[in-house]
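Source file: start.tsv (TSV, C-alpha atoms)
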chain	number	residue	atom	x	y	z
A	1	MET	CA	57.65	132.66	88.67
A	2	THR	CA	55.53	130.13	90.55
A	3	LYS	CA	56.97	127.49	92.84
A	4	ARG	CA	55.94	124.73	90.44
A	5	THR	CA	57.57	126.49	87.47
A	6	LYS	CA	60.82	126.95	89.38
A	7	ILE	CA	60.95	123.28	90.38
A	8	ALA	CA	60.08	122.21	86.84
A	9	ARG	CA	62.95	124.29	85.44
A	10	VAL	CA	65.49	122.64	87.75
A	11	VAL	CA	64.16	119.16	86.94
A	12	TYR	CA	64.32	119.93	83.19
A	13	ALA	CA	67.88	121.25	83.57
A	14	SER	CA	68.96	118.10	85.42
A	15	THR	CA	67.27	115.88	82.83
A	16	PHE	CA	68.93	117.86	80.03
A	17	LEU	CA	72.32	117.25	81.62
A	18	ALA	CA	71.55	113.56	81.94
A	19	LEU	CA	70.49	113.15	78.35
A	20	THR	CA	73.20	115.14	76.64
A	21	THR	CA	76.26	113.73	78.32
A	22	SER	CA	78.14	110.56	79.03
A	23	ALA	CA	79.74	109.95	82.43
A	24	HIS	CA	81.76	108.26	85.26
A	25	ALA	CA	81.59	109.07	88.95
A	26	ALA	CA	83.38	111.84	90.75
A	27	PRO	CA	80.86	114.41	91.95
A	28	ILE	CA	82.04	116.99	94.45
A	29	THR	CA	78.81	117.64	96.36
A	30	PHE	CA	77.87	114.02	97.11
A	31	ASN	CA	79.81	110.92	98.13
A	32	THR	CA	77.61	108.05	96.98
A	33	ALA	CA	79.23	107.87	93.53
A	34	LEU	CA	82.83	107.60	94.71
A	35	PRO	CA	84.50	104.95	92.56
A	36	VAL	CA	86.25	102.17	94.48
A	37	SER	CA	87.50	98.83	93.20
A	38	ASP	CA	87.71	95.44	94.85
A	39	GLU	CA	90.01	95.48	97.90
A	40	GLU	CA	90.87	99.14	97.30
A	41	VAL	CA	90.52	101.94	99.82
A	42	ILE	CA	89.56	105.46	98.88
A	43	VAL	CA	89.63	108.45	101.20
A	44	ARG	CA	88.16	111.86	100.53
A	45	GLN	CA	88.75	114.79	102.83
A	46	GLN	CA	86.51	117.79	102.33
A	47	ILE	CA	86.30	121.19	103.95
A	48	HIS	CA	82.95	122.97	103.67
A	49	TYR	CA	82.27	126.56	104.60
A	50	VAL	CA	78.56	127.33	104.80
A	51	HIS	CA	77.13	130.79	105.30
A	52	ASN	CA	73.38	131.17	105.76
A	53	SER	CA	71.86	134.53	106.57
A	54	ASP	CA	68.64	136.49	106.27
A	55	THR	CA	66.58	139.13	108.05
A	56	LEU	CA	63.39	138.23	109.82
A	57	GLY	CA	61.46	141.41	110.56
A	58	ASN	CA	64.16	143.59	112.13
A	59	VAL	CA	66.24	140.67	113.33
A	60	ASP	CA	69.33	139.60	111.43
A	61	ARG	CA	70.05	135.89	111.43
A	62	ASP	CA	73.50	134.67	110.53
A	63	VAL	CA	74.85	131.11	110.66
A	64	LYS	CA	78.42	130.22	109.72
A	65	ILE	CA	79.50	126.59	109.67
A	66	TRP	CA	82.88	125.03	109.05
A	67	LYS	CA	82.73	121.32	108.30
A	68	SER	CA	85.51	118.79	107.99
A	69	ILE	CA	84.06	115.75	106.25
A	70	THR	CA	86.15	112.61	105.92
A	71	ALA	CA	84.70	109.93	103.68
A	72	ALA	CA	86.33	106.53	103.29
A	73	GLY	CA	85.27	103.68	101.03
A	74	TYR	CA	86.37	100.07	100.76
A	75	GLY	CA	85.65	97.72	97.87
A	76	VAL	CA	84.43	94.52	99.55
A	77	THR	CA	83.96	92.92	96.13
A	78	ASN	CA	84.04	94.35	92.62
A	79	LYS	CA	80.31	95.13	93.00
A	80	PHE	CA	79.83	95.93	96.67
A	81	ALA	CA	81.48	98.82	98.48
A	82	LEU	CA	81.14	100.07	102.06
A	83	PHE	CA	81.53	103.73	102.99
A	84	GLY	CA	81.85	105.71	106.19
A	85	VAL	CA	81.52	109.47	106.50
A	86	VAL	CA	82.78	111.29	109.59
A	87	PRO	CA	81.85	114.98	109.94
A	88	LEU	CA	83.36	117.45	112.39
A	89	ILE	CA	81.65	120.82	112.58
A	90	SER	CA	82.06	124.24	114.09
A	91	LYS	CA	78.93	126.40	114.06
A	92	ASP	CA	78.48	130.06	114.95
A	93	VAL	CA	74.91	131.29	115.23
A	94	ASP	CA	73.96	134.96	115.57
A	95	ILE	CA	70.31	135.87	115.96
A	96	GLY	CA	70.01	139.58	116.64
A	97	ALA	CA	72.30	140.23	119.61
A	98	ALA	CA	72.29	136.60	120.76
A	99	HIS	CA	75.29	134.46	119.90
A	100	SER	CA	75.81	130.74	120.28
A	101	LYS	CA	78.55	128.37	119.24
A	102	ALA	CA	78.72	124.61	118.86
A	103	SER	CA	81.48	122.38	117.65
A	104	GLY	CA	82.53	118.76	117.60
A	105	LEU	CA	81.64	115.46	116.01
A	106	ALA	CA	78.36	115.38	114.12
A	107	ASP	CA	76.46	112.27	112.98
A	108	ILE	CA	78.52	109.53	111.36
A	109	LYS	CA	77.07	108.08	108.21
A	110	ILE	CA	77.59	104.51	107.00
A	111	PHE	CA	76.30	103.16	103.72
A	112	GLY	CA	76.71	100.30	101.30
A	113	ARG	CA	76.48	100.43	97.51
A	114	TYR	CA	75.85	97.48	95.24
A	115	GLN	CA	76.42	97.66	91.50
A	116	VAL	CA	73.51	96.05	89.64
A	117	TYR	CA	74.43	97.07	86.10
A	118	ARG	CA	77.68	97.71	84.28
A	119	LYS	CA	78.42	98.06	80.60
A	120	ASP	CA	81.94	98.92	79.50
A	121	GLY	CA	83.23	100.11	76.15
A	122	PRO	CA	86.62	101.43	75.02
A	123	GLY	CA	87.10	104.48	77.25
A	124	THR	CA	83.49	104.44	78.41
A	125	THR	CA	81.41	102.88	81.14
A	126	THR	CA	77.82	102.93	82.35
A	127	ARG	CA	76.98	101.84	85.88
A	128	ILE	CA	73.88	101.74	88.05
A	129	ALA	CA	74.02	101.09	91.77
A	130	PRO	CA	71.47	101.33	94.56
A	131	PHE	CA	72.71	102.33	97.99
A	132	VAL	CA	71.34	102.22	101.51
A	133	GLY	CA	72.71	103.62	104.72
A	134	VAL	CA	72.19	104.94	108.19
A	135	ASN	CA	72.98	108.17	110.06
A	136	ILE	CA	74.20	107.27	113.53
A	137	PRO	CA	73.55	109.91	116.21
A	138	THR	CA	77.17	110.31	117.27
A	139	GLY	CA	76.92	114.09	117.55
A	140	ASN	CA	75.97	116.22	120.51
A	141	THR	CA	72.16	116.27	120.57
A	142	GLY	CA	70.73	119.74	120.08
A	143	LYS	CA	74.10	121.13	118.99
A	144	THR	CA	75.71	119.04	116.27
A	145	SER	CA	73.00	116.39	115.96
A	146	ASP	CA	69.24	115.85	116.13
A	147	GLY	CA	69.91	112.76	118.23
A	148	SER	CA	67.97	110.50	115.92
A	149	THR	CA	68.95	107.48	113.87
A	150	ASP	CA	68.06	108.15	110.24
A	151	ILE	CA	67.88	105.81	107.29
A	152	PHE	CA	68.51	106.73	103.68
A	153	GLY	CA	68.60	105.01	100.32
A	154	GLY	CA	68.68	105.74	96.66
A	155	LEU	CA	70.05	104.99	93.25
A	156	ILE	CA	73.14	106.31	91.53
A	157	TYR	CA	73.57	106.34	87.77
A	158	THR	CA	77.00	106.86	86.28
A	159	ARG	CA	78.08	107.25	82.70
A	160	ALA	CA	81.71	108.02	82.03
A	161	SER	CA	84.01	108.57	79.12
A	162	THR	CA	87.52	109.97	78.97
A	163	ASP	CA	86.03	113.35	77.99
A	164	TRP	CA	82.72	113.58	79.86
A	165	ASN	CA	81.51	112.28	83.18
A	166	PHE	CA	77.99	112.30	84.49
A	167	ASP	CA	76.49	111.13	87.75
A	168	GLY	CA	72.82	111.32	88.61
A	169	GLN	CA	71.37	110.41	91.97
A	170	ILE	CA	67.96	110.11	93.57
A	171	LYS	CA	67.92	109.81	97.33
A	172	TYR	CA	65.34	109.55	100.09
A	173	LYS	CA	66.11	110.08	103.75
A	174	ALA	CA	63.68	108.92	106.43
A	175	ASN	CA	64.52	110.64	109.69
A	176	GLY	CA	63.97	109.08	113.08
A	177	LYS	CA	62.36	110.70	116.11
A	178	HIS	CA	64.29	111.73	119.21
A	179	LYS	CA	62.71	113.16	122.38
A	180	GLY	CA	59.60	114.25	120.51
A	181	PHE	CA	61.47	115.94	117.68
A	182	LEU	CA	61.17	114.55	114.17
A	183	ARG	CA	63.03	116.31	111.37
A	184	GLY	CA	61.15	116.22	108.08
A	185	ASN	CA	62.01	113.48	105.62
A	186	GLN	CA	64.03	114.55	102.63
A	187	THR	CA	63.93	113.74	98.93
A	188	SER	CA	66.76	114.89	96.71
A	189	LEU	CA	67.85	114.76	93.10
A	190	ASP	CA	71.50	115.40	92.28
A	191	ALA	CA	73.37	115.65	89.02
A	192	SER	CA	77.07	116.15	88.35
A	193	LEU	CA	78.55	116.88	84.97
A	194	GLN	CA	82.30	117.01	84.40
A	195	TYR	CA	83.91	118.08	81.16
A	196	ARG	CA	87.61	117.50	80.53
A	197	VAL	CA	89.32	120.66	79.38
A	198	ASN	CA	92.91	119.55	78.82
A	199	GLY	CA	94.47	117.49	76.06
A	200	HIS	CA	91.45	116.64	73.90
A	201	ASP	CA	93.55	116.37	70.76
A	202	ASP	CA	96.54	114.76	72.37
A	203	ASN	CA	97.40	111.28	73.45
A	204	VAL	CA	97.15	112.15	77.14
A	205	LYS	CA	97.75	108.61	78.37
A	206	SER	CA	96.99	108.73	82.08
A	207	SER	CA	98.93	111.53	83.68
A	208	GLY	CA	96.23	113.92	84.78
A	209	TYR	CA	92.90	115.32	83.68
A	210	LEU	CA	91.49	118.75	84.43
A	211	PHE	CA	87.71	118.92	84.51
A	212	THR	CA	85.28	121.78	84.76
A	213	VAL	CA	82.34	120.67	86.87
A	214	LEU	CA	78.71	121.72	87.05
A	215	GLU	CA	76.47	120.13	89.63
A	216	ALA	CA	72.79	120.65	90.36
A	217	SER	CA	70.68	119.49	93.25
A	218	LEU	CA	67.04	119.77	94.14
A	219	ILE	CA	66.01	119.06	97.71
A	220	TYR	CA	62.52	118.80	99.13
A	221	ALA	CA	62.12	118.50	102.90
A	222	ASP	CA	58.93	117.80	104.82
A	223	GLU	CA	58.05	119.95	107.81
A	224	ASP	CA	59.64	119.01	111.12
A	225	LYS	CA	57.37	117.76	113.90
A	226	ILE	CA	57.62	118.62	117.56
A	227	GLY	CA	55.52	116.39	119.78
A	228	GLY	CA	53.57	115.33	116.69
A	229	THR	CA	52.74	118.91	115.71
A	230	PRO	CA	54.15	120.14	112.38
A	231	ASN	CA	56.47	123.12	112.57
A	232	ILE	CA	55.20	125.40	109.83
A	233	ASN	CA	58.53	127.26	109.82
A	234	SER	CA	60.51	124.30	108.56
A	235	GLY	CA	60.94	122.27	105.41
A	236	GLY	CA	60.46	123.36	101.83
A	237	THR	CA	62.27	123.25	98.53
A	238	THR	CA	65.82	124.31	97.78
A	239	ALA	CA	67.81	123.99	94.59
A	240	TYR	CA	71.51	124.58	94.13
A	241	LEU	CA	73.90	124.97	91.23
A	242	SER	CA	77.54	124.21	91.95
A	243	PRO	CA	80.23	125.16	89.45
A	244	GLY	CA	83.66	123.75	90.20
A	245	LEU	CA	87.01	122.47	89.06
A	246	GLN	CA	88.54	119.03	89.44
A	247	TYR	CA	92.06	117.80	88.75
A	248	ALA	CA	92.37	114.02	88.53
A	249	ALA	CA	95.76	112.31	88.68
A	250	LYS	CA	96.42	108.60	89.09
A	251	ARG	CA	96.42	108.49	92.87
A	252	TRP	CA	94.66	111.65	93.91
A	253	ILE	CA	91.98	114.11	92.90
A	254	GLY	CA	91.85	117.73	94.00
A	255	GLU	CA	88.58	119.58	93.62
A	256	THR	CA	86.72	122.73	94.57
A	257	ALA	CA	83.17	123.98	94.06
A	258	ILE	CA	80.83	126.73	95.13
A	259	LYS	CA	77.30	125.61	95.95
A	260	ILE	CA	74.92	128.44	95.14
A	261	PRO	CA	71.22	128.35	96.10
A	262	VAL	CA	69.09	129.21	93.07
A	263	ILE	CA	65.69	128.33	94.51
A	264	LYS	CA	64.86	129.02	98.14
A	265	ASP	CA	61.24	128.16	98.61
A	266	LEU	CA	61.23	127.39	102.31
A	267	ASN	CA	58.23	127.26	104.59
A	268	GLY	CA	57.37	130.12	106.94
A	269	THR	CA	60.35	131.72	108.62
A	270	ALA	CA	62.85	128.92	108.00
A	271	LEU	CA	66.40	130.23	107.66
A	272	GLN	CA	67.29	130.87	104.04
A	273	SER	CA	70.11	128.81	102.56
A	274	GLY	CA	73.35	130.52	101.61
A	275	ILE	CA	76.50	129.76	99.70
A	276	THR	CA	78.74	126.78	100.49
A	277	VAL	CA	82.39	126.66	99.47
A	278	ILE	CA	83.85	123.16	99.15
A	279	THR	CA	87.47	122.10	98.79
A	280	SER	CA	88.39	118.47	98.63
A	281	LEU	CA	91.23	116.02	98.22
A	282	ARG	CA	90.68	112.39	97.33
A	283	VAL	CA	93.35	109.71	97.56
A	284	ASN	CA	93.21	106.18	96.21
A	285	PHE	CA	95.35	103.75	98.23
B	1	MET	CA	135.85	108.41	88.44
B	2	LYS	CA	135.25	104.73	87.79
B	3	LYS	CA	132.49	104.74	90.37
B	4	ILE	CA	130.82	107.75	88.75
B	5	LEU	CA	130.94	106.06	85.35
B	6	LEU	CA	129.40	102.93	86.83
B	7	LEU	CA	126.67	105.00	88.49
B	8	ILE	CA	125.86	106.82	85.24
B	9	THR	CA	125.78	103.52	83.35
B	10	GLY	CA	123.46	102.10	85.99
B	11	LEU	CA	121.11	105.06	85.74
B	12	MET	CA	121.09	104.81	81.96
B	13	LEU	CA	120.20	101.14	82.19
B	14	MET	CA	117.35	101.92	84.60
B	15	ASN	CA	115.87	104.32	82.07
B	16	ALA	CA	116.32	102.01	79.15
B	17	ASN	CA	113.52	99.89	77.79
B	18	ALA	CA	112.32	97.06	79.95
B	19	ASN	CA	114.35	93.89	79.84
B	20	ALA	CA	115.23	93.20	76.21
B	21	LYS	CA	114.14	89.56	76.61
B	22	ASP	CA	110.67	90.60	77.75
B	23	ILE	CA	107.57	90.27	75.65
B	24	GLN	CA	105.10	93.14	75.35
B	25	TYR	CA	101.41	92.39	75.70
B	26	ASP	CA	98.99	95.11	74.66
B	27	LEU	CA	95.76	94.47	76.54
B	28	ARG	CA	92.52	96.00	75.33
B	29	VAL	CA	90.62	96.90	78.50
B	30	ASP	CA	87.19	98.54	78.40
B	31	GLY	CA	85.66	100.74	81.09
B	32	MET	CA	88.75	102.76	82.00
B	33	THR	CA	87.89	106.43	81.81
B	34	CYS	CA	90.18	108.21	84.23
B	35	PRO	CA	93.72	108.20	85.64
B	36	PHE	CA	92.33	106.54	88.79
B	37	CYS	CA	91.15	103.59	86.70
B	38	ALA	CA	94.58	103.31	85.08
B	39	ALA	CA	96.30	103.29	88.46
B	40	THR	CA	94.00	100.55	89.76
B	41	SER	CA	94.60	98.32	86.72
B	42	GLU	CA	98.35	98.93	86.65
B	43	LYS	CA	98.67	98.15	90.35
B	44	ALA	CA	96.94	94.79	89.85
B	45	LEU	CA	98.99	93.86	86.79
B	46	LYS	CA	102.28	94.77	88.45
B	47	LYS	CA	101.57	92.19	91.13
B	48	ILE	CA	101.91	89.37	88.57
B	49	ASN	CA	105.25	87.60	88.91
B	50	GLY	CA	107.42	88.34	85.88
B	51	VAL	CA	105.79	91.67	84.99
B	52	HIS	CA	108.45	94.38	84.79
B	53	ALA	CA	106.67	97.37	83.29
B	54	VAL	CA	103.11	98.57	82.74
B	55	SER	CA	101.80	101.60	80.88
B	56	THR	CA	98.24	102.72	80.15
B	57	ASP	CA	96.87	104.65	77.20
B	58	LEU	CA	93.34	105.67	78.17
B	59	GLU	CA	92.49	107.08	74.74
B	60	LYS	CA	93.25	103.74	73.09
B	61	ALA	CA	91.82	101.71	76.00
B	62	THR	CA	95.10	99.81	76.08
B	63	ILE	CA	97.42	98.65	78.84
B	64	SER	CA	100.87	97.64	77.66
B	65	VAL	CA	102.63	95.09	79.84
B	66	CYS	CA	106.25	93.99	79.58
B	67	ALA	CA	106.78	90.58	81.08
B	68	SER	CA	109.17	87.68	80.85
B	69	LYS	CA	108.33	84.82	78.49
B	70	GLU	CA	107.47	82.53	81.39
B	71	THR	CA	104.85	84.88	82.85
B	72	ASP	CA	101.30	83.58	82.97
B	73	MET	CA	99.35	86.11	80.91
B	74	SER	CA	96.44	83.86	80.01
B	75	ASP	CA	93.16	85.41	78.93
B	76	ALA	CA	91.30	83.74	81.80
B	77	LYS	CA	93.68	85.17	84.38
B	78	LEU	CA	93.60	88.68	82.92
B	79	LYS	CA	89.82	88.62	82.54
B	80	ASN	CA	89.29	87.60	86.16
B	81	MET	CA	91.85	90.04	87.54
B	82	LEU	CA	90.52	93.06	85.66
B	83	LYS	CA	86.89	92.12	86.36
B	84	LYS	CA	87.69	92.27	90.07
B	85	LYS	CA	89.04	95.76	89.57
B	86	GLY	CA	85.83	96.83	87.80
B	87	PHE	CA	86.93	96.70	84.17
B	88	THR	CA	86.37	94.47	81.15
B	89	TYR	CA	89.27	92.63	79.53
B	90	VAL	CA	88.62	92.21	75.81
B	91	ASN	CA	91.74	90.72	74.20
B	92	LYS	CA	95.50	91.07	73.85
B	93	THR	CA	98.15	91.30	71.16
B	94	LYS	CA	101.76	90.24	71.58
B	95	GLN	CA	105.00	91.88	70.48
B	96	GLU	CA	108.39	90.21	70.72
B	97	GLN	CA	110.04	93.44	71.88
B	98	CYS	CA	109.10	95.80	74.67
B	99	THR	CA	108.76	99.48	73.88
B	100	ILE	CA	107.74	100.67	77.34
B	101	ARG	CA	110.31	102.53	79.38
B	102	ILE	CA	110.50	101.50	83.01
B	103	GLY	CA	110.53	105.12	84.12
B	104	GLU	CA	107.06	105.83	82.72
B	105	THR	CA	105.35	102.91	84.37
B	106	ASP	CA	105.57	103.63	88.05
B	107	VAL	CA	102.13	104.95	89.02
B	108	LYS	CA	103.48	106.25	92.31
B	109	LYS	CA	105.55	108.82	90.44
B	110	THR	CA	102.50	110.74	89.24
B	111	GLY	CA	102.50	113.42	91.86
B	112	PHE	CA	101.03	116.90	91.97
B	113	LEU	CA	103.71	118.76	90.01
B	114	ARG	CA	104.36	115.91	87.58
B	115	GLY	CA	100.64	115.74	86.82
B	116	LEU	CA	100.20	119.48	86.42
B	117	PHE	CA	103.18	119.99	84.15
B	118	HIS	CA	103.06	116.73	82.24
B	119	LYS	CA	103.87	117.27	78.59
B	120	HIS	CA	101.36	115.42	76.47
B	121	SER	CA	103.03	113.30	73.82
Encoded form (C-alpha cells):
Amino acid sequence: MTKRTKIARVVYASTFLALTTSAHAAPITFNTALPVSDEEVIVRQQIHYVHNSDTLGNVDRDVKIWKSITAAGYGVTNKFALFGVVPLISKDVDIGAAHSKASGLADIKIFGRYQVYRKDGPGTTTRIAPFVGVNIPTGNTGKTSDGSTDIFGGLIYTRASTDWNFDGQIKYKANGKHKGFLRGNQTSLDASLQYRVNGHDDNVKSSGYLFTVLEASLIYADEDKIGGTPNINSGGTTAYLSPGLQYAAKRWIGETAIKIPVIKDLNGTALQSGITVITSLRVNF
Amino acid sequence: MKKILLLITGLMLMNANANAKDIQYDLRVDGMTCPFCAATSEKALKKINGVHAVSTDLEKATISVCASKETDMSDAKLKNMLKKKGFTYVNKTKQEQCTIRIGETDVKKTGFLRGLFHKHS
C-alpha cells in the first residue's frame, strides 16, 4: 500500500464517521472539545502510558513514558472558555546499552475556545468553535521540553444527541525555535465517535450513560531543523485508532482508551510510535 | 419510642412529593444530550428562590421544576438563565400539583455506585 493510499484511507474513515453520526463533545484523546458552561469549572485528570520501541540495525530502542495530564476549563461566558493543561512526565529511554531518565513538569498549554455556531434541538446539539493557544516552555529544556514557545489553533466541530456523540477537530501547531532547534510544525485531524450502549429503550432520565468510543487521528509533522538544516530522521505521518469506553454520570465521567498506531510513515530513522494507554476522570464543579 | 416515631415520620415526609402547595413547571429545553448537561441546568434552576425540586428527563428534553406559586418562572428569566448555561429554552407547561420526589432531584447524589446500578424506570 502506498503512503498516499494509506493516508487517503484514514481521511475517508474519518469523513465516514463524521457523515454518519450525530454528536456532542467528550473525546478521550484530545481536550479542545471539553464541554464547559458559563461560570462552570471542569477538571480532567488523565494518566497516559506510552511505549515506543523499534530496532535500528542491531540497536534496540525503547522509550517508556508515564504522563499525568491535568486539564482544567472555565466558562468565561456561555460562548468563551479558557483552558489550561499541566503535564507531568516520567521518561525512560533505552538505546542499546545506554539508559537515560527524565521526569518533571513538561510544557504547560493554555488555550481559549470561542463558540461561533450553535443549533439545539430536543436532545441534540451542533456546535462549532475555533480555538487558539500557546505552549509555554515550562519544562526542563532537552529533557521534558524543547524550550520553545509554540502556538496552535484549529476548529472543533461537535454534534451530539443522547445516543451518539461526534467530535471532529483540525489543528495546526507552529513550533518556535530555541537555541537553534526547531521542531517541525504539525497538522492533525482528529475524530471521536461515542455510541451509547445502555438504556436505549428505556426512559434513562439522567443517571448515567455508558458509551463505547472510537477515535481516529492523523498527524503530519514537518522535519525538525537544527541550525537551519533539516533533520531527515524526523517528522512524517502517523495515524492512530483509539477504541475506548466512557461512563458519564451527572458530575463525573470516567474513561479509558488504547491509542494504537495504524500508520507509521516516519522519515528516516525516526523512532516508531507505539501504543498509548489512557485512563481519565473528569469532574464538573 | 416517641422520638423514633417522629424520626420515621420526618424521613417519610422528606421522601414525599415536593411541597403539596408547589406548582410543577415542565420546561422544554433543547441541546441537553448528556447527564453533565442535566446537572448544569439543574444546578442553575435550583438557585432560583422558591424552587424546591428539579428533575431532568433527557429523552423528553424536559426539566420538571417544583416551585412555590410566588416564584418568578417567567419565560424571559428561564431563557436567559439556560442560554448562559449553553442550552435553549423553548417553552413551559404548568401543573397544579408536583409529581417530583425530592429524593430524586439532588444532582449531588449521583455518585459512582448509584450511577452504575441505577435501575432505569
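Closest approach to A:Val63 from the set A:Gly96, A:Pro87, A:Gly168, A:Pro122 is made by A:Gly96, with distances taken over all atoms listed in the file.
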Shell of 7 Å around stretch 94-97 of chain B, all atoms listed in the file, local chain residues under 6 positions omitted, as a list of chain:residue names:
B:Ala20, B:Asp22, B:Ile23, B:Gln24, B:Tyr25, B:Asp26
Nearby residues (all atoms listed in the file) at most 6 Å from stretch 182-194 of chain A, same-chain spacing under 6 positions excluded, as a PyMOL selection string:
chain A and resi 27+164-175+211-225
Dump of C-alpha atoms for the selected residues, as a PDB file, keeping the file's coordinate frame:
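What ended up in part14.pdb:
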ATOM      1  CA  PRO A  27      80.860 114.410  91.950  1.00  0.00           C
ATOM      2  CA  TRP A 164      82.720 113.580  79.860  1.00  0.00           C
ATOM      3  CA  ASN A 165      81.510 112.280  83.180  1.00  0.00           C
ATOM      4  CA  PHE A 166      77.990 112.300  84.490  1.00  0.00           C
ATOM      5  CA  ASP A 167      76.490 111.130  87.750  1.00  0.00           C
ATOM      6  CA  GLY A 168      72.820 111.320  88.610  1.00  0.00           C
ATOM      7  CA  GLN A 169      71.370 110.410  91.970  1.00  0.00           C
ATOM      8  CA  ILE A 170      67.960 110.110  93.570  1.00  0.00           C
ATOM      9  CA  LYS A 171      67.920 109.810  97.330  1.00  0.00           C
ATOM     10  CA  TYR A 172      65.340 109.550 100.090  1.00  0.00           C
ATOM     11  CA  LYS A 173      66.110 110.080 103.750  1.00  0.00           C
ATOM     12  CA  ALA A 174      63.680 108.920 106.430  1.00  0.00           C
ATOM     13  CA  ASN A 175      64.520 110.640 109.690  1.00  0.00           C
ATOM     14  CA  PHE A 211      87.710 118.920  84.510  1.00  0.00           C
ATOM     15  CA  THR A 212      85.280 121.780  84.760  1.00  0.00           C
ATOM     16  CA  VAL A 213      82.340 120.670  86.870  1.00  0.00           C
ATOM     17  CA  LEU A 214      78.710 121.720  87.050  1.00  0.00           C
ATOM     18  CA  GLU A 215      76.470 120.130  89.630  1.00  0.00           C
ATOM     19  CA  ALA A 216      72.790 120.650  90.360  1.00  0.00           C
ATOM     20  CA  SER A 217      70.680 119.490  93.250  1.00  0.00           C
ATOM     21  CA  LEU A 218      67.040 119.770  94.140  1.00  0.00           C
ATOM     22  CA  ILE A 219      66.010 119.060  97.710  1.00  0.00           C
ATOM     23  CA  TYR A 220      62.520 118.800  99.130  1.00  0.00           C
ATOM     24  CA  ALA A 221      62.120 118.500 102.900  1.00  0.00           C
ATOM     25  CA  ASP A 222      58.930 117.800 104.820  1.00  0.00           C
ATOM     26  CA  GLU A 223      58.050 119.950 107.810  1.00  0.00           C
ATOM     27  CA  ASP A 224      59.640 119.010 111.120  1.00  0.00           C
ATOM     28  CA  LYS A 225      57.370 117.760 113.900  1.00  0.00           C
TER      29      LYS A 225
END
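Of the listed residues B:Thr62, B:Thr93, B:Ser74, B:Ser68, the one whose atoms come nearest to chain A is B:Thr62, with distances taken using all atoms listed in the file.
Nearest residue to chain A, choosing from B:Asp30, B:Glu42, B:Asp75, B:Glu70 and counting only C-alpha atoms: B:Asp30.
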note - atom CA of B:Val65 and atom CA of B:Met81 are separated by 14.2 Å
